[in-house]
file structure34.csv (CSV, C-alpha atoms)
chain,number,residue,atom,x,y,z
A,1,MET,CA,0.0,0.0,0.0
A,2,LYS,CA,1.2,3.5,-0.9
A,3,LYS,CA,0.4,6.8,0.7
A,4,PHE,CA,0.0,9.7,-1.7
A,5,LEU,CA,0.6,13.4,-1.2
A,6,ILE,CA,-1.4,15.2,-3.9
A,7,PHE,CA,-0.3,18.7,-5.0
A,8,VAL,CA,-2.7,20.6,-7.2
A,9,THR,CA,-1.4,23.7,-9.0
A,10,ARG,CA,-4.0,24.8,-11.6
A,11,SER,CA,-7.4,26.5,-11.2
A,12,PRO,CA,-10.6,24.5,-11.6
A,13,PHE,CA,-12.1,26.4,-14.6
A,14,ASP,CA,-8.9,27.1,-16.6
A,15,SER,CA,-7.6,23.5,-16.4
A,16,LEU,CA,-8.7,19.9,-16.2
A,17,ASN,CA,-5.8,19.4,-13.8
A,18,GLY,CA,-8.0,19.3,-10.6
A,19,GLN,CA,-10.4,16.9,-12.2
A,20,THR,CA,-7.5,14.5,-13.1
A,21,ALA,CA,-6.2,14.8,-9.5
A,22,LEU,CA,-9.6,13.9,-8.0
A,23,SER,CA,-10.0,11.0,-10.4
A,24,PHE,CA,-6.5,9.8,-9.4
A,25,CYS,CA,-7.4,10.1,-5.7
A,26,LYS,CA,-10.6,8.0,-6.1
A,27,ALA,CA,-8.8,5.4,-8.2
A,28,ALA,CA,-6.0,5.1,-5.6
A,29,ILE,CA,-8.4,4.6,-2.7
A,30,ALA,CA,-10.4,2.1,-4.7
A,31,LEU,CA,-7.2,0.1,-5.1
A,32,GLY,CA,-6.5,0.2,-1.3
A,33,HIS,CA,-4.0,3.0,-1.2
A,34,GLU,CA,-4.3,6.1,1.0
A,35,ILE,CA,-4.4,9.8,0.3
A,36,GLU,CA,-2.4,11.4,3.0
A,37,GLN,CA,-3.6,14.9,2.0
A,38,VAL,CA,-4.5,17.0,-1.0
A,39,PHE,CA,-2.5,20.3,-1.0
A,40,PHE,CA,-3.5,23.3,-3.2
A,41,TYR,CA,-0.8,25.7,-4.4
A,42,GLN,CA,-0.4,28.3,-7.1
A,43,GLN,CA,-3.6,28.8,-9.0
A,44,GLY,CA,-4.8,25.5,-7.5
A,45,VAL,CA,-6.0,27.5,-4.4
A,46,GLN,CA,-9.0,28.5,-6.5
A,47,HIS,CA,-10.5,25.1,-5.8
A,48,ALA,CA,-11.3,26.3,-2.3
A,49,ASN,CA,-13.0,29.5,-3.6
A,50,VAL,CA,-16.8,29.5,-2.8
A,51,ASP,CA,-17.3,32.6,-4.9
A,52,ILE,CA,-16.7,30.7,-8.2
A,53,GLN,CA,-20.0,30.1,-10.0
A,54,PRO,CA,-20.4,27.1,-12.2
A,55,THR,CA,-21.6,27.3,-15.8
A,56,SER,CA,-25.2,26.1,-15.8
A,57,GLY,CA,-25.6,22.4,-16.0
A,58,GLU,CA,-22.0,21.8,-14.8
A,59,LYS,CA,-20.9,20.4,-11.5
A,60,THR,CA,-18.3,22.5,-9.6
A,61,MET,CA,-15.0,21.1,-8.7
A,62,LEU,CA,-15.6,22.5,-5.2
A,63,SER,CA,-18.7,20.4,-4.6
A,64,GLN,CA,-16.8,17.3,-5.8
A,65,TRP,CA,-13.9,17.9,-3.5
A,66,VAL,CA,-16.2,18.5,-0.5
A,67,ALA,CA,-18.1,15.2,-1.2
A,68,PHE,CA,-14.8,13.4,-1.7
A,69,SER,CA,-13.4,14.8,1.6
A,70,GLU,CA,-16.6,13.9,3.5
A,71,GLN,CA,-16.7,10.3,2.2
A,72,THR,CA,-13.0,9.5,2.6
A,73,LYS,CA,-12.0,11.9,5.5
A,74,THR,CA,-9.1,13.2,3.3
A,75,SER,CA,-7.6,16.5,4.4
A,76,LEU,CA,-7.9,19.3,1.9
A,77,ASN,CA,-5.2,21.9,2.6
A,78,VAL,CA,-4.9,25.2,0.9
A,79,CYS,CA,-1.7,27.3,1.0
A,80,VAL,CA,-2.5,30.6,2.8
A,81,THR,CA,0.4,32.6,1.2
A,82,ALA,CA,-0.5,31.5,-2.3
A,83,SER,CA,-4.3,32.1,-1.7
A,84,ILE,CA,-4.2,35.6,-0.2
A,85,LYS,CA,-2.3,36.8,-3.3
A,86,ARG,CA,-5.1,35.4,-5.4
A,87,GLY,CA,-8.0,36.7,-3.5
A,88,VAL,CA,-8.9,33.5,-1.7
A,89,LEU,CA,-9.2,34.6,1.9
A,90,SER,CA,-9.3,32.5,5.0
A,91,VAL,CA,-11.4,33.8,7.9
A,92,GLU,CA,-8.3,35.1,9.6
A,93,ASP,CA,-7.0,36.9,6.5
A,94,ALA,CA,-10.4,38.3,5.7
A,95,THR,CA,-10.7,39.8,9.2
A,96,ASP,CA,-7.3,41.4,8.9
A,97,ILE,CA,-8.4,43.4,5.8
A,98,GLN,CA,-12.1,43.7,6.8
A,99,SER,CA,-13.3,41.6,3.8
A,100,HIS,CA,-15.3,38.5,3.5
A,101,SER,CA,-13.8,35.0,3.7
A,102,ASN,CA,-14.3,32.8,0.7
A,103,VAL,CA,-12.5,29.6,1.6
A,104,HIS,CA,-14.9,26.7,1.9
A,105,ASP,CA,-15.1,25.1,5.4
A,106,ALA,CA,-13.9,21.8,4.1
A,107,PHE,CA,-10.5,23.3,3.2
A,108,ASN,CA,-7.9,24.0,5.9
A,109,PRO,CA,-5.8,27.1,5.3
A,110,VAL,CA,-2.3,26.1,6.2
A,111,GLY,CA,1.3,27.3,5.7
A,112,MET,CA,3.4,25.6,3.0
A,113,ALA,CA,5.8,24.5,5.7
A,114,ASP,CA,3.0,22.2,7.0
A,115,TYR,CA,3.0,20.3,3.8
A,116,PHE,CA,6.7,19.8,3.8
A,117,SER,CA,6.8,18.8,7.5
A,118,VAL,CA,4.4,16.0,6.7
A,119,LEU,CA,6.8,15.0,3.9
A,120,ASN,CA,9.7,15.1,6.3
A,121,THR,CA,8.2,13.0,9.1
A,122,ARG,CA,6.4,10.5,6.8
A,123,ALA,CA,9.4,10.0,4.5
A,124,SER,CA,11.7,9.3,7.4
A,125,SER,CA,9.4,6.8,9.1
A,126,ASP,CA,8.3,4.8,6.1
A,127,VAL,CA,10.7,5.4,3.2
A,128,GLY,CA,9.4,4.3,-0.1
A,129,SER,CA,5.7,4.1,0.7
A,130,LEU,CA,5.1,7.9,0.4
A,131,VAL,CA,4.6,9.2,-3.1
A,132,CYS,CA,4.2,12.8,-4.1
A,133,MET,CA,2.1,13.5,-7.1
A,134,GLN,CA,2.0,16.9,-8.7
A,135,PHE,CA,-1.0,17.9,-10.8
B,1,MET,CA,16.6,13.7,5.8
B,2,THR,CA,13.9,14.1,3.2
B,3,LYS,CA,15.3,15.2,-0.2
B,4,LEU,CA,13.2,17.5,-2.3
B,5,LEU,CA,14.1,18.5,-5.9
B,6,ILE,CA,12.5,21.6,-7.3
B,7,ILE,CA,12.8,22.1,-11.0
B,8,SER,CA,12.1,25.6,-12.2
B,9,THR,CA,11.3,25.7,-15.9
B,10,GLN,CA,9.6,29.1,-16.6
B,11,PRO,CA,11.2,32.5,-17.4
B,12,PRO,CA,10.9,35.1,-14.6
B,13,TYR,CA,8.1,37.7,-14.3
B,14,VAL,CA,5.9,36.5,-17.2
B,15,SER,CA,4.1,34.2,-14.8
B,16,SER,CA,4.1,33.5,-11.0
B,17,ALA,CA,5.8,30.2,-11.5
B,18,SER,CA,9.4,31.4,-10.7
B,19,GLN,CA,8.3,33.2,-7.5
B,20,ASP,CA,6.1,30.2,-6.5
B,21,ALA,CA,9.1,27.8,-6.9
B,22,LEU,CA,11.3,30.0,-4.7
B,23,GLU,CA,8.7,30.3,-2.0
B,24,ALA,CA,8.2,26.5,-2.0
B,25,ALA,CA,12.0,26.0,-1.6
B,26,LEU,CA,12.2,28.4,1.4
B,27,ALA,CA,9.2,26.8,3.1
B,28,ALA,CA,10.7,23.3,2.6
B,29,SER,CA,14.2,24.3,3.8
B,30,ASN,CA,12.6,26.0,6.8
B,31,VAL,CA,11.3,22.7,8.1
B,32,GLY,CA,14.5,20.9,7.6
B,33,VAL,CA,13.9,19.4,4.1
B,34,GLU,CA,17.1,19.1,2.1
B,35,VAL,CA,16.3,21.1,-1.1
B,36,THR,CA,18.0,20.9,-4.4
B,37,PHE,CA,17.0,23.6,-6.9
B,38,VAL,CA,17.5,23.1,-10.6
B,39,PHE,CA,16.8,25.6,-13.4
B,40,SER,CA,15.9,24.0,-16.7
B,41,GLN,CA,14.6,25.1,-20.1
B,42,GLN,CA,13.5,28.7,-20.1
B,43,GLY,CA,13.9,28.8,-16.3
B,44,LEU,CA,17.6,29.6,-17.1
B,45,TYR,CA,16.5,33.2,-17.9
B,46,GLN,CA,15.9,33.6,-14.2
B,47,LEU,CA,19.7,33.4,-13.7
B,48,LEU,CA,20.5,36.4,-16.0
B,49,GLU,CA,22.7,38.8,-14.0
B,50,SER,CA,21.5,41.8,-16.2
B,51,GLN,CA,17.8,41.5,-15.3
B,52,ASN,CA,16.1,44.5,-13.8
B,53,SER,CA,12.6,44.2,-12.3
B,54,THR,CA,12.3,47.9,-11.2
B,55,TYR,CA,10.0,48.8,-14.1
B,56,LEU,CA,7.7,45.8,-13.3
B,57,GLN,CA,7.7,46.7,-9.6
B,58,LYS,CA,8.3,43.1,-8.7
B,59,ARG,CA,10.9,41.6,-6.4
B,60,SER,CA,14.0,40.7,-8.3
B,61,ILE,CA,14.1,36.9,-9.0
B,62,ALA,CA,17.9,37.0,-9.4
B,63,LYS,CA,18.4,38.6,-6.0
B,64,GLN,CA,16.1,36.0,-4.4
B,65,ILE,CA,18.1,33.2,-6.0
B,66,LYS,CA,21.4,34.6,-4.7
B,67,ALA,CA,19.9,34.7,-1.2
B,68,LEU,CA,19.0,31.0,-1.3
B,69,PRO,CA,22.3,29.9,0.4
B,70,LEU,CA,21.4,32.1,3.4
B,71,TYR,CA,18.4,29.7,3.9
B,72,ASP,CA,20.5,26.6,3.7
B,73,ILE,CA,19.8,25.9,0.0
B,74,GLU,CA,23.2,25.4,-1.5
B,75,ALA,CA,22.6,22.8,-4.1
B,76,ILE,CA,21.6,25.1,-7.0
B,77,TYR,CA,22.1,24.0,-10.6
B,78,TYR,CA,21.2,24.7,-14.2
B,79,VAL,CA,21.1,22.3,-17.1
B,80,LYS,CA,24.1,23.0,-19.4
B,81,GLU,CA,22.4,21.6,-22.5
B,82,ASP,CA,19.5,24.1,-22.1
B,83,MET,CA,22.0,27.0,-21.8
B,84,THR,CA,23.5,26.0,-25.2
B,85,GLU,CA,20.0,25.6,-26.7
B,86,LEU,CA,19.0,29.1,-25.5
B,87,MET,CA,22.3,30.5,-26.7
B,88,LEU,CA,23.1,31.9,-23.3
B,89,SER,CA,26.7,32.2,-22.0
B,90,SER,CA,27.7,31.0,-18.5
B,91,HIS,CA,29.2,34.5,-17.9
B,92,ALA,CA,25.8,36.0,-18.2
B,93,LEU,CA,24.4,33.8,-15.5
B,94,THR,CA,24.7,34.2,-11.7
B,95,SER,CA,27.5,32.1,-10.3
B,96,THR,CA,25.2,31.0,-7.4
B,97,ALA,CA,24.0,28.2,-9.8
B,98,LYS,CA,26.4,25.6,-11.1
B,99,PRO,CA,26.1,23.8,-14.5
B,100,ILE,CA,25.1,20.1,-14.6
B,101,ASP,CA,24.5,17.7,-17.5
B,102,THR,CA,21.1,16.1,-18.1
B,103,ASP,CA,22.3,12.7,-16.8
B,104,VAL,CA,23.2,14.4,-13.5
B,105,LEU,CA,19.6,15.8,-13.4
B,106,GLN,CA,18.4,12.2,-13.9
B,107,GLN,CA,20.5,11.1,-10.9
B,108,LEU,CA,19.1,13.9,-8.8
B,109,CYS,CA,15.6,12.9,-9.7
B,110,ALA,CA,16.3,9.3,-8.8
B,111,ALA,CA,17.8,10.3,-5.4
B,112,SER,CA,15.0,12.6,-4.4
B,113,ASN,CA,12.0,11.7,-2.2
B,114,ALA,CA,9.8,14.2,-3.9
B,115,ILE,CA,10.0,16.4,-7.0
B,116,LEU,CA,8.1,19.6,-7.7
B,117,ARG,CA,8.2,21.2,-11.1
B,118,PHE,CA,7.2,24.8,-11.7
call {"tool": "encode", "arguments": {"input": "structure34.csv", "output": "structure tokens"}}
result
Amino acid sequence: MKKFLIFVTRSPFDSLNGQTALSFCKAAIALGHEIEQVFFYQQGVQHANVDIQPTSGEKTMLSQWVAFSEQTKTSLNVCVTASIKRGVLSVEDATDIQSHSNVHDAFNPVGMADYFSVLNTRASSDVGSLVCMQF
Amino acid sequence: MTKLLIISTQPPYVSSASQDALEAALAASNVGVEVTFVFSQQGLYQLLESQNSTYLQKRSIAKQIKALPLYDIEAIYYVKEDMTELMLSSHALTSTAKPIDTDVLQQLCAASNAILRF
């Protein structure tokens, strides 16, 4: 069994990248692997943005991630530094600039160092079973 | 110690990729991950000494690259073949980064626990 760290870097509307990442996660779990966390960086932070409106008749990536996270208890972590620069505000960041927060509750705003510390502790304890996948 | 390889492939300023790669490197180094930073393809333009970002009102990418060793990131390389292909000269590039061949890049990939490509 492998543990996967998923790294998503493109926005849900401009790229199919997030959809591919989600399909990968579902397939990996179906085969008995584990998704350690999904981390959203660069334009990927837009996946957590509740203000994005879907084209009529289309399902949003956000609703699919939320459903996936509820079913599988997978952590969805969004990089705070990358997201504040792109107008995706956590409650804390929004309060600081007296604006509204638009990060969905299912996503945890974390520092990028959090992602790398997981990599650090996991890789040293079970070398070979942790795989990083960038989408 | 966990080994992370970051490959930076985009020219500076035209997109956020070069800045995002540097920020990822600092965050990783900050928590004790051993970072190797490689510039490949058009990413080599980030190493040009003569760049000036004043007009763009952006932080200088070259200055941030030169500061990497202060954050314990000393393994900084560029792919020599890409330099030739882009018709760049090693004199025009910052000496903070050292040239490597593509087969060395392959070895670095094989020796890393994780790879991020920007």
call {"tool": "interface_residues", "arguments": {"input": "structure34.csv", "of": "chain B", "to": "chain A", "cutoff": "12 Å", "atoms": "only C-alpha atoms", "output": "number ranges by chain"}}
result
B: 1-6, 15-35, 111-118
call {"tool": "residues_around", "arguments": {"input": "structure34.csv", "residues": "Ser99 of chain A", "least_positions_apart": "6", "cutoff": "12 Å", "atoms": "only C-alpha atoms", "output": "VMD selection string"}}
result
chain A and resid 84 87 to 93
call {"tool": "closest_residue", "arguments": {"input": "structure34.csv", "among": "A:Ser75, A:Val110, A:Arg86, A:Ile97", "to": "Glu34 of chain A", "atoms": "all atoms listed in the file"}}
result
A:Ser75
call {"tool": "closest_residue", "arguments": {"input": "structure34.csv", "among": "B:Asn52, B:Thr96, B:Leu86, B:Tyr45", "to": "Ala67 of chain B", "atoms": "all atoms listed in the file"}}
result
B:Thr96
call {"tool": "residues_around", "arguments": {"input": "structure34.csv", "residues": "Phe39 of chain A", "least_positions_apart": "2", "cutoff": "6 Å", "atoms": "only C-alpha atoms", "output": "list in words"}}
result
Ile6, Phe7, Asn77 and Val78 of chain A
